[in-house]
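*Asks:* Coordinates in target31.txt, compact mmCIF, C-alpha atoms and all ligand atoms, are listed below.
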# COMPACT_ATOMS: atom_id res chain seq x y z
CA MET A 1 -30.83 -37.19 0.08
CA ASP A 2 -30.25 -35.56 -3.33
CA ILE A 3 -26.77 -34.03 -3.22
CA GLY A 4 -25.35 -31.80 -5.95
CA VAL A 5 -21.74 -30.87 -6.68
CA PRO A 6 -21.50 -27.93 -9.10
CA LYS A 7 -18.48 -26.89 -11.14
CA GLU A 8 -16.76 -23.94 -9.43
CA ILE A 9 -17.08 -20.75 -11.47
CA LYS A 10 -14.77 -18.42 -9.51
CA PRO A 11 -11.90 -17.41 -11.86
CA GLN A 12 -8.96 -19.86 -11.81
CA GLU A 13 -10.72 -22.17 -9.30
CA GLY A 14 -10.33 -25.82 -10.31
CA ARG A 15 -11.18 -27.52 -7.03
CA VAL A 16 -14.23 -29.77 -6.65
CA ALA A 17 -16.05 -30.36 -3.35
CA LEU A 18 -16.27 -34.17 -3.47
CA MET A 19 -13.84 -36.56 -5.17
CA PRO A 20 -15.10 -39.87 -6.61
CA ALA A 21 -13.89 -42.02 -3.68
CA ASP A 22 -15.89 -39.88 -1.24
CA VAL A 23 -18.95 -39.70 -3.51
CA ALA A 24 -18.84 -43.53 -3.56
CA ARG A 25 -19.31 -43.57 0.26
CA LEU A 26 -22.48 -41.46 -0.10
CA VAL A 27 -23.85 -43.54 -2.98
CA GLU A 28 -23.23 -46.74 -0.97
CA LYS A 29 -25.45 -45.29 1.79
CA GLY A 30 -28.29 -44.79 -0.68
CA HIS A 31 -27.87 -41.08 -1.38
CA ARG A 32 -28.21 -39.74 -4.91
CA VAL A 33 -25.23 -37.61 -5.99
CA ARG A 34 -25.25 -35.42 -9.09
CA ILE A 35 -22.05 -33.85 -10.41
CA GLU A 36 -21.95 -31.01 -12.93
CA SER A 37 -20.14 -32.15 -16.05
CA THR A 38 -16.33 -31.54 -15.96
CA ALA A 39 -16.50 -30.28 -12.32
CA GLY A 40 -13.68 -32.67 -11.31
CA VAL A 41 -11.49 -32.53 -14.40
CA ALA A 42 -8.94 -30.01 -13.05
CA SER A 43 -8.65 -32.20 -9.93
CA GLY A 44 -7.95 -35.32 -11.98
CA ALA A 45 -11.50 -36.75 -11.76
CA SER A 46 -13.36 -37.24 -15.06
CA ASP A 47 -17.12 -37.51 -15.57
CA GLN A 48 -16.55 -41.22 -16.29
CA ASP A 49 -14.82 -41.65 -12.89
CA TYR A 50 -17.94 -40.29 -11.16
CA GLU A 51 -20.32 -42.32 -13.33
CA ALA A 52 -18.35 -45.48 -12.57
CA ILE A 53 -19.15 -45.19 -8.85
CA GLY A 54 -22.84 -44.44 -9.42
CA ALA A 55 -23.05 -40.64 -9.57
CA GLU A 56 -25.14 -38.90 -12.22
CA ILE A 57 -23.59 -36.29 -14.51
CA VAL A 58 -25.67 -33.16 -15.12
CA THR A 59 -24.74 -30.71 -17.85
CA MET A 60 -26.26 -27.47 -16.53
CA ALA A 61 -25.64 -25.83 -13.14
CA GLU A 62 -29.23 -24.59 -12.94
CA LYS A 63 -30.60 -28.13 -13.40
CA LEU A 64 -28.18 -29.45 -10.76
CA PHE A 65 -29.15 -26.80 -8.17
CA LYS A 66 -32.87 -27.42 -8.86
CA ALA A 67 -32.55 -31.19 -8.34
CA SER A 68 -30.44 -30.98 -5.13
CA GLN A 69 -31.61 -30.76 -1.52
CA MET A 70 -27.98 -30.14 -0.54
CA ILE A 71 -25.22 -28.47 -2.56
CA ALA A 72 -21.57 -29.18 -1.66
CA LYS A 73 -19.23 -26.48 -2.98
CA VAL A 74 -15.73 -25.11 -2.44
CA LYS A 75 -16.03 -21.34 -2.88
CA GLU A 76 -18.74 -18.77 -2.11
CA ILE A 77 -21.97 -18.63 -4.12
CA MET A 78 -21.23 -16.31 -7.03
CA PRO A 79 -23.82 -13.72 -8.23
CA GLU A 80 -24.39 -15.83 -11.38
CA GLU A 81 -25.59 -18.65 -9.07
CA TYR A 82 -27.94 -16.58 -6.87
CA GLY A 83 -30.93 -17.30 -9.11
CA PHE A 84 -30.45 -21.07 -8.65
CA LEU A 85 -30.94 -21.03 -4.85
CA ARG A 86 -34.26 -22.08 -3.39
CA PRO A 87 -35.92 -21.99 0.07
CA GLY A 88 -34.92 -24.85 2.37
CA GLN A 89 -31.94 -25.84 0.25
CA ILE A 90 -28.75 -26.66 2.19
CA ILE A 91 -25.54 -25.02 0.94
CA TYR A 92 -22.25 -26.35 2.36
CA SER A 93 -19.27 -24.28 1.17
CA ASN A 94 -16.53 -21.83 2.16
CA LEU A 95 -19.00 -18.94 2.13
CA HIS A 96 -16.98 -16.16 3.83
CA THR A 97 -20.17 -14.16 4.41
CA ALA A 98 -18.71 -11.70 6.96
CA LEU A 99 -17.47 -9.30 4.30
CA ASN A 100 -20.11 -10.25 1.71
CA ARG A 101 -23.37 -8.47 2.58
CA ASP A 102 -24.81 -9.22 -0.82
CA LEU A 103 -24.48 -13.00 -0.38
CA THR A 104 -25.79 -12.78 3.21
CA ASP A 105 -28.88 -10.94 1.90
CA GLN A 106 -29.44 -13.66 -0.70
CA LEU A 107 -29.16 -16.47 1.85
CA LEU A 108 -31.49 -14.76 4.34
CA ALA A 109 -34.13 -13.51 1.88
CA GLY A 110 -34.04 -16.81 -0.03
CA GLN A 111 -34.49 -18.84 3.23
CA VAL A 112 -31.42 -20.89 2.30
CA ASN A 113 -29.91 -23.09 5.04
CA SER A 114 -26.20 -22.48 4.80
CA ILE A 115 -23.05 -23.83 6.44
CA SER A 116 -19.69 -22.03 6.25
CA ALA A 117 -17.27 -24.92 5.80
CA GLU A 118 -14.33 -22.71 6.84
CA ASP A 119 -15.71 -22.59 10.42
CA THR A 120 -16.24 -26.35 10.81
CA HIS A 121 -12.66 -27.66 10.86
CA GLU A 122 -11.74 -28.75 14.40
CA ASP A 123 -8.12 -29.45 13.38
CA GLY A 124 -7.76 -26.56 10.94
CA SER A 125 -8.73 -26.37 7.30
CA PRO A 126 -6.98 -29.03 5.20
CA ASN A 127 -6.15 -26.37 2.60
CA CYS A 128 -4.39 -23.96 5.02
CA PRO A 129 -1.04 -25.80 4.94
CA LEU A 130 -1.22 -25.79 1.12
CA ALA A 131 -1.90 -22.03 1.10
CA GLY A 132 1.21 -21.45 3.22
CA GLU A 133 3.40 -23.74 1.14
CA ILE A 134 2.33 -22.30 -2.24
CA GLY A 135 2.12 -18.68 -1.06
CA ALA A 136 5.72 -18.87 0.17
CA PHE A 137 6.75 -20.55 -3.09
CA GLU A 138 5.27 -17.60 -5.03
CA GLY A 139 7.13 -15.27 -2.68
CA VAL A 140 10.43 -16.97 -3.49
CA ARG A 141 9.64 -16.52 -7.21
CA LEU A 142 8.93 -12.81 -6.64
CA CYS A 143 12.41 -12.46 -5.11
CA MET A 144 14.06 -13.30 -8.45
CA ALA A 145 15.33 -10.30 -10.40
CA PRO A 146 13.23 -10.91 -13.57
CA HIS A 147 10.14 -10.60 -11.35
CA GLY A 148 11.41 -7.34 -9.83
CA GLY A 149 12.84 -8.93 -6.69
CA THR A 150 16.02 -8.49 -4.70
CA GLY A 151 17.76 -11.18 -6.81
CA ARG A 152 18.71 -13.20 -3.76
CA HIS A 153 18.87 -16.99 -4.33
CA PHE A 154 16.93 -19.09 -1.83
CA MET A 155 20.10 -21.12 -1.04
CA ALA A 156 23.35 -19.81 0.37
CA HIS A 157 26.14 -20.08 -2.25
CA PHE A 158 29.69 -18.70 -2.68
CA GLY A 159 29.56 -17.06 0.73
CA ALA A 160 26.48 -15.01 -0.25
CA PRO A 161 23.66 -15.41 2.29
CA PRO A 162 20.33 -17.04 1.33
CA LEU A 163 17.05 -15.22 0.82
CA LYS A 164 15.90 -13.63 4.08
CA ALA A 165 12.18 -14.06 4.83
CA LEU A 166 9.96 -12.91 7.69
CA VAL A 167 6.93 -15.10 8.40
CA ILE A 168 4.28 -13.47 10.58
CA GLY A 169 1.79 -15.87 12.24
CA LEU A 170 2.96 -19.41 12.96
CA GLY A 171 -0.34 -21.34 12.74
CA ALA A 172 -1.37 -23.83 10.05
CA VAL A 173 -0.63 -21.44 7.17
CA GLY A 174 2.59 -20.12 8.76
CA GLN A 175 3.92 -23.67 9.25
CA GLY A 176 3.24 -24.33 5.56
CA ALA A 177 5.23 -21.22 4.65
CA LEU A 178 8.10 -22.36 6.91
CA ARG A 179 8.10 -25.81 5.26
CA THR A 180 8.64 -24.30 1.81
CA LEU A 181 11.11 -21.59 2.81
CA LEU A 182 13.28 -23.64 5.16
CA ARG A 183 13.40 -26.75 2.95
CA LEU A 184 14.58 -24.52 0.08
CA GLY A 185 17.35 -23.17 2.29
CA CYS A 186 16.08 -19.66 3.11
CA SER A 187 16.92 -17.82 6.32
CA VAL A 188 13.68 -17.19 8.22
CA THR A 189 12.54 -15.26 11.27
CA GLY A 190 9.06 -16.28 12.46
CA PHE A 191 6.80 -14.02 14.57
CA ASP A 192 3.73 -14.82 16.65
CA ILE A 193 1.98 -13.23 19.61
CA VAL A 194 1.69 -16.62 21.29
CA ALA A 195 4.89 -17.74 23.04
CA ARG A 196 4.01 -21.43 22.64
CA ALA A 197 3.74 -21.01 18.84
CA ARG A 198 7.18 -19.36 18.80
CA LYS A 199 8.71 -22.11 20.98
CA THR A 200 7.16 -24.98 18.98
CA SER A 201 8.38 -23.52 15.69
CA ALA A 202 11.88 -22.99 17.06
CA LEU A 203 12.01 -26.65 18.16
CA THR A 204 10.56 -27.99 14.91
CA TRP A 205 13.01 -26.05 12.74
CA ALA A 206 16.04 -26.19 15.05
CA SER A 207 18.22 -27.75 12.34
CA CYS A 208 17.49 -24.95 9.83
CA ASP A 209 18.42 -21.25 9.56
CA TYR A 210 15.39 -20.32 11.66
CA ARG A 211 14.71 -18.03 14.63
CA SER A 212 11.43 -17.21 16.42
CA ALA A 213 10.94 -13.65 17.63
CA PRO A 214 8.27 -11.59 19.40
CA VAL A 215 6.01 -9.37 17.27
CA ALA A 216 7.60 -6.21 18.74
CA GLU A 217 10.74 -7.02 16.70
CA ILE A 218 8.99 -6.89 13.30
CA SER A 219 9.66 -3.22 12.56
CA GLY A 220 13.39 -3.61 13.29
CA GLN A 221 13.65 -6.59 10.90
CA LEU A 222 11.92 -5.05 7.87
CA SER A 223 15.04 -3.47 6.34
CA HIS A 224 16.83 -6.87 6.25
CA ALA A 225 14.04 -8.79 4.49
CA ASP A 226 13.80 -9.89 0.87
CA LEU A 227 10.35 -11.32 1.50
CA ILE A 228 7.57 -10.89 4.06
CA VAL A 229 4.89 -13.58 4.35
CA ASN A 230 1.83 -12.69 6.43
CA CYS A 231 -0.11 -15.64 7.88
CA VAL A 232 -1.84 -13.99 10.85
CA LEU A 233 -5.48 -14.67 11.57
CA TRP A 234 -6.49 -10.98 11.90
CA PRO A 235 -9.85 -10.18 13.59
CA LYS A 236 -11.97 -8.53 10.90
CA HIS A 237 -13.13 -5.71 13.24
CA ARG A 238 -9.55 -4.50 14.02
CA SER A 239 -8.53 -1.25 12.37
CA ASP A 240 -4.86 -1.19 13.44
CA HIS A 241 -2.06 -2.96 11.53
CA LEU A 242 1.18 -4.85 12.17
CA ILE A 243 2.73 -3.29 9.05
CA SER A 244 1.34 0.15 8.19
CA ARG A 245 1.72 1.88 4.83
CA GLY A 246 4.33 4.18 6.39
CA MET A 247 6.45 1.17 7.38
CA LEU A 248 6.85 0.12 3.70
CA LYS A 249 9.53 2.84 3.53
CA SER A 250 11.75 0.67 5.77
CA LEU A 251 11.75 -2.20 3.24
CA LYS A 252 14.30 -2.73 0.48
CA PRO A 253 12.71 -1.17 -2.64
CA THR A 254 12.68 -4.57 -4.38
CA ALA A 255 11.35 -6.57 -1.43
CA ALA A 256 8.04 -8.41 -1.82
CA ILE A 257 5.04 -8.98 0.44
CA VAL A 258 2.98 -12.17 0.24
CA ASP A 259 -0.17 -11.68 2.30
CA ILE A 260 -1.76 -15.11 2.56
CA SER A 261 -4.27 -13.89 5.15
CA CYS A 262 -5.28 -11.28 2.53
CA ASP A 263 -7.62 -9.32 4.82
CA THR A 264 -8.37 -5.93 3.26
CA ALA A 265 -6.32 -3.42 5.28
CA GLY A 266 -5.75 -6.10 7.93
CA ALA A 267 -2.43 -6.97 9.57
CA ILE A 268 -0.84 -5.36 6.51
CA GLU A 269 -2.52 -2.01 5.85
CA THR A 270 -1.84 -2.04 2.11
CA CYS A 271 -3.34 -5.48 1.45
CA ARG A 272 -6.41 -6.13 -0.69
CA PRO A 273 -7.37 -9.59 -2.03
CA THR A 274 -6.29 -10.48 -5.57
CA THR A 275 -6.87 -13.41 -7.95
CA TRP A 276 -4.59 -15.90 -9.72
CA ALA A 277 -5.51 -14.09 -12.95
CA ASP A 278 -3.97 -10.83 -11.66
CA PRO A 279 -2.11 -11.77 -8.45
CA VAL A 280 0.36 -8.91 -7.81
CA TYR A 281 0.03 -5.14 -7.41
CA ASP A 282 2.37 -2.35 -6.26
CA VAL A 283 1.96 0.08 -3.38
CA ASP A 284 4.72 2.67 -3.03
CA GLY A 285 6.88 0.44 -5.25
CA ILE A 286 6.48 -2.66 -3.05
CA ARG A 287 4.94 -5.69 -4.79
CA HIS A 288 2.05 -7.36 -2.95
CA PHE A 289 0.81 -10.89 -3.73
CA CYS A 290 -2.60 -11.38 -2.04
CA VAL A 291 -4.42 -14.19 -3.87
CA ASP A 292 -7.43 -15.24 -1.82
CA ASN A 293 -7.78 -18.81 -3.15
CA ILE A 294 -4.16 -19.95 -3.23
CA PRO A 295 -4.94 -23.72 -2.92
CA GLY A 296 -7.03 -23.35 -6.09
CA ALA A 297 -3.68 -23.55 -7.91
CA VAL A 298 -3.23 -27.19 -6.90
CA PRO A 299 -6.73 -28.65 -7.30
CA ALA A 300 -5.49 -32.20 -7.78
CA THR A 301 -4.14 -32.13 -4.21
CA ALA A 302 -6.43 -29.60 -2.54
CA SER A 303 -9.71 -31.24 -3.64
CA ALA A 304 -8.66 -34.54 -2.07
CA GLY A 305 -8.02 -32.83 1.31
CA TYR A 306 -11.23 -30.77 1.24
CA SER A 307 -13.38 -33.68 0.11
CA GLN A 308 -12.07 -35.95 2.89
CA ALA A 309 -12.55 -33.18 5.49
CA ILE A 310 -16.19 -32.42 4.61
CA LEU A 311 -17.37 -36.00 3.94
CA PRO A 312 -18.23 -36.83 7.60
CA PHE A 313 -20.44 -33.70 7.89
CA ILE A 314 -22.03 -34.14 4.45
CA THR A 315 -22.81 -37.77 5.36
CA ARG A 316 -24.25 -36.81 8.76
CA ILE A 317 -26.50 -34.15 7.18
CA ALA A 318 -27.58 -36.48 4.37
CA ASP A 319 -28.37 -39.29 6.84
CA HIS A 320 -30.14 -37.31 9.56
CA GLY A 321 -31.04 -33.83 8.21
CA LEU A 322 -29.33 -30.50 8.93
CA VAL A 323 -30.83 -29.72 12.35
CA ALA A 324 -30.17 -33.17 13.85
CA ALA A 325 -26.65 -33.13 12.40
CA CYS A 326 -25.90 -29.71 13.94
CA LYS A 327 -27.28 -30.83 17.32
CA ALA A 328 -24.98 -33.88 17.25
CA GLU A 329 -21.84 -32.18 15.92
CA PRO A 330 -20.78 -28.96 17.70
CA TRP A 331 -18.17 -28.20 14.99
CA LEU A 332 -20.83 -28.40 12.30
CA ALA A 333 -23.07 -26.09 14.35
CA LYS A 334 -20.17 -23.60 14.51
CA GLY A 335 -20.49 -23.21 10.75
CA LEU A 336 -24.29 -22.77 10.71
CA THR A 337 -24.68 -19.43 8.96
CA THR A 338 -28.34 -18.93 7.97
CA HIS A 339 -31.41 -21.08 8.68
CA ASN A 340 -35.00 -20.33 7.60
CA GLY A 341 -34.19 -16.63 7.23
CA THR A 342 -32.39 -16.30 10.60
CA LEU A 343 -28.74 -15.20 10.74
CA ILE A 344 -26.71 -17.48 13.05
CA LEU A 345 -23.01 -16.75 12.41
CA PRO A 346 -21.83 -14.20 15.04
CA GLU A 347 -18.90 -12.76 13.04
CA THR A 348 -21.11 -11.97 10.03
CA ALA A 349 -23.73 -10.39 12.27
CA ARG A 350 -21.15 -8.24 14.08
CA LEU A 351 -19.43 -7.03 10.92
CA GLN A 352 -22.69 -6.27 9.14
CA ASP A 353 -24.40 -4.90 12.25
CA ARG A 354 -27.36 -7.28 11.91
CA PRO A 355 -29.51 -9.10 14.50
CA PHE A 356 -28.61 -12.78 14.98
CA THR A 357 -29.33 -15.81 17.14
CA PRO A 358 -26.27 -17.92 18.12
CA ALA A 359 -26.37 -21.58 17.08
CA GLU A 360 -26.87 -23.15 20.51
CA PRO A 361 -30.00 -21.29 21.65
CA TYR A 362 -31.32 -21.33 18.08
CA LEU A 363 -30.98 -25.12 17.77
CA ASP A 364 -32.62 -25.56 21.22
CA THR A 365 -35.82 -24.01 19.81
CA LEU A 366 -36.07 -26.58 16.99
N1 LIG B 401 -5.18 -16.90 0.71
C1 LIG B 401 -5.64 -18.12 0.86
O1 LIG B 401 -5.88 -18.85 -0.11
C2 LIG B 401 -5.82 -18.67 2.24
C3 LIG B 401 -6.03 -20.05 2.40
C4 LIG B 401 -6.15 -20.54 3.71
C5 LIG B 401 -6.12 -19.66 4.80
N2 LIG B 401 -5.96 -18.32 4.57
C6 LIG B 401 -5.92 -17.36 5.70
O2 LIG B 401 -4.67 -17.49 6.40
C7 LIG B 401 -4.83 -16.95 7.73
C8 LIG B 401 -4.15 -17.84 8.75
O3 LIG B 401 -4.85 -19.07 8.84
P1 LIG B 401 -4.36 -20.22 9.84
O4 LIG B 401 -5.22 -21.41 9.57
O5 LIG B 401 -2.89 -20.36 9.81
O6 LIG B 401 -4.77 -19.60 11.23
P2 LIG B 401 -4.20 -20.10 12.66
O7 LIG B 401 -5.22 -19.63 13.64
O8 LIG B 401 -3.83 -21.54 12.61
O9 LIG B 401 -2.82 -19.28 12.83
C9 LIG B 401 -2.79 -17.89 12.97
C10 LIG B 401 -1.58 -17.55 13.81
O10 LIG B 401 -1.50 -16.12 13.90
C11 LIG B 401 -1.11 -15.79 15.23
N3 LIG B 401 -1.52 -14.42 15.53
C12 LIG B 401 -2.76 -13.94 15.81
N4 LIG B 401 -2.71 -12.62 16.01
C13 LIG B 401 -1.41 -12.25 15.85
C14 LIG B 401 -0.74 -11.01 15.93
N5 LIG B 401 -1.37 -9.88 16.24
N6 LIG B 401 0.58 -11.00 15.69
C15 LIG B 401 1.25 -12.15 15.40
N7 LIG B 401 0.67 -13.35 15.34
C16 LIG B 401 -0.67 -13.40 15.55
C17 LIG B 401 -1.82 -16.82 16.09
O11 LIG B 401 -1.24 -16.94 17.38
C18 LIG B 401 -1.66 -18.09 15.25
O12 LIG B 401 -0.50 -18.79 15.59
C19 LIG B 401 -6.34 -16.81 7.94
O13 LIG B 401 -6.68 -15.46 7.82
C20 LIG B 401 -6.94 -17.61 6.80
O14 LIG B 401 -8.22 -17.15 6.40
C21 LIG B 401 -5.79 -17.83 3.32
Go ahead and render the structure in this file as structure tokens.
*Replies:*
Amino acid sequence: MDIGVPKEIKPQEGRVALMPADVARLVEKGHRVRIESTAGVASGASDQDYEAIGAEIVTMAEKLFKASQMIAKVKEIMPEEYGFLRPGQIIYSNLHTALNRDLTDQLLAGQVNSISAEDTHEDGSPNCPLAGEIGAFEGVRLCMAPHGGTGRHFMAHFGAPPLKALVIGLGAVGQGALRTLLRLGCSVTGFDIVARARKTSALTWASCDYRSAPVAEISGQLSHADLIVNCVLWPKHRSDHLISRGMLKSLKPTAAIVDISCDTAGAIETCRPTTWADPVYDVDGIRHFCVDNIPGAVPATASAGYSQAILPFITRIADHGLVAACKAEPWLAKGLTTHNGTLILPETARLQDRPFTPAEPYLDTL
């Protein structure tokens, strides 16, 4: 199969979908892989590295899209790329179509066969732990006085207590946040609705200044916090919040919120996604950091994890075609988003109030 890997054009996004070692596996199986020139540079992979293992370097994105039966990407298709899509082409990327009606329209009208990579990870996305680790690291930075923070050091010194952080949601991202905060020496309270998640975290971090608590305790803890890190997977249809705008009044005026989940008006009412180019904004004097592609800050590490995670599915599709691959791999089918003009992904259909056919019955008809 002809596989294309374009250079990401989202601002401050340096990741690349396939690293040279993984491209080599595809080339060895007889597939032709084209890489857009400099696509891997920010991840530590030069054009020469790709050429050395048998990939072809293409200088223009349009040419690469035209020549490729399947495109492997990291971020959503940007409006500048819409014109490059063609009927029957397979797009494998983190598409996040649910809140992107425009992109969904393009994929459906253009008869593009798309897979949302973010829905295909059986063991969690490889970049989630990185998002938690880096998001918490940025939160610690925001606590320093020159950045407008409470001026509390992350370590306890001279009898002064360490930075106090609340981490909400103890899944893959939340564990990443705990790793950064607790290894730096912060005092952390972690919240989750699931008792098992609270118990596991308490056991894992028993030797640190860590306590798990039920979600009902969040409001009572706000006034003690220097930093709040939200890592909850919030259903996109919910209109209530864990921290409402009114509750910001309970925070110290120099406290900071890092919302890694970054759902617009999600678990934190005042959250809206931001970019690395302009990561922080104020609401009622409280700074919010809500960058929606946090792992993009560490492409040299993040690309390796993403590339390894998607290689088995990319190989299966390239070897057997998209339909056969989805029939054989239930986790791949979970990411099937559009196929021949039909919408498959339930969450996108529900949020956009569109008709859809779920993957299983749809695949049975093919
Ligand atoms: N900003 C970024 O760059 C970035 C990168 C990766 C992931 N994310 C986002 O981070 C979020 C978390 O991802 P994850 O992989 O850790 O998900 P996860 O499913 O592994 O963990 C989510 C946790 O939240 C808990 N939870 C759910 N509802 C809750 C509630 N009402 N109150 C308290 N806890 C609740 C769950 O029990 C679970 O432990 C997702 O929204 C994901 O899209 C953002």
*Asks:* Would you mind listing the residues within 9 Å of ligand LIG 401 (chain B), counting only C-alpha atoms and all ligand atoms, as number ranges by chain?
*Replies:* A: 118, 124-132, 135, 168-176, 191-198, 214-215, 230-235, 241-242, 259-263, 267, 273, 290-296
*Asks:* Write out as number ranges by chain the residues lying within 12 Å of segment 351-363 of chain A, counting all atoms listed in the file and excluding same-chain residues fewer than 2 positions away.
*Replies:* A: 96-105, 108, 115, 235-238, 322-349, 365-366
*Asks:* Could you list, as an MDAnalysis selection string, every residue within 8 Å of Ala72 of chain A, counting only C-alpha atoms and ignoring same-chain residues fewer than 5 positions away?
*Replies:* chainID A and resid 3:6 17:18 91:93 314
*Asks:* How many Å separate atom CA of Met1 of chain A from atom CA of Gln69 of chain A?
*Replies:*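 One can read the atom CA of Met1 of chain A to atom CA of Gln69 of chain A distance as 6.7 Å.
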*Asks:* Report, in Å with one decimal, the straight-line distance from atom CA of Ala61 of chain A to atom CA of Met78 of chain A.
*Replies:*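 That distance, rounded to one decimal, is 12.1 Å.
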*Asks:* Using only C-alpha atoms, find the one residue out of A:Leu64, A:Arg287, A:Met247, A:Met19 that sits nearest to Thr150 of chain A.
*Replies:*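 Ranked by minimum distance to Thr150 of chain A, first place goes to A:Arg287.
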*Asks:* Find the spatial neighbours of Ile53 of chain A, counting only C-alpha atoms, within a cut-off of 12 Å - ignore same-chain residues fewer than 3 positions away - and output them as a list in words.
*Replies:*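 Using only C-alpha atoms, the neighbours found are Met19, Pro20, Ala21, Asp22, Val23, Ala24, Arg25, Leu26, Val27, Glu28, Arg32, Val33, Arg34, Ile35, Ala45, Ser46, Asp47, Gln48, Asp49, Tyr50, Glu56 and Ile57 of chain A.
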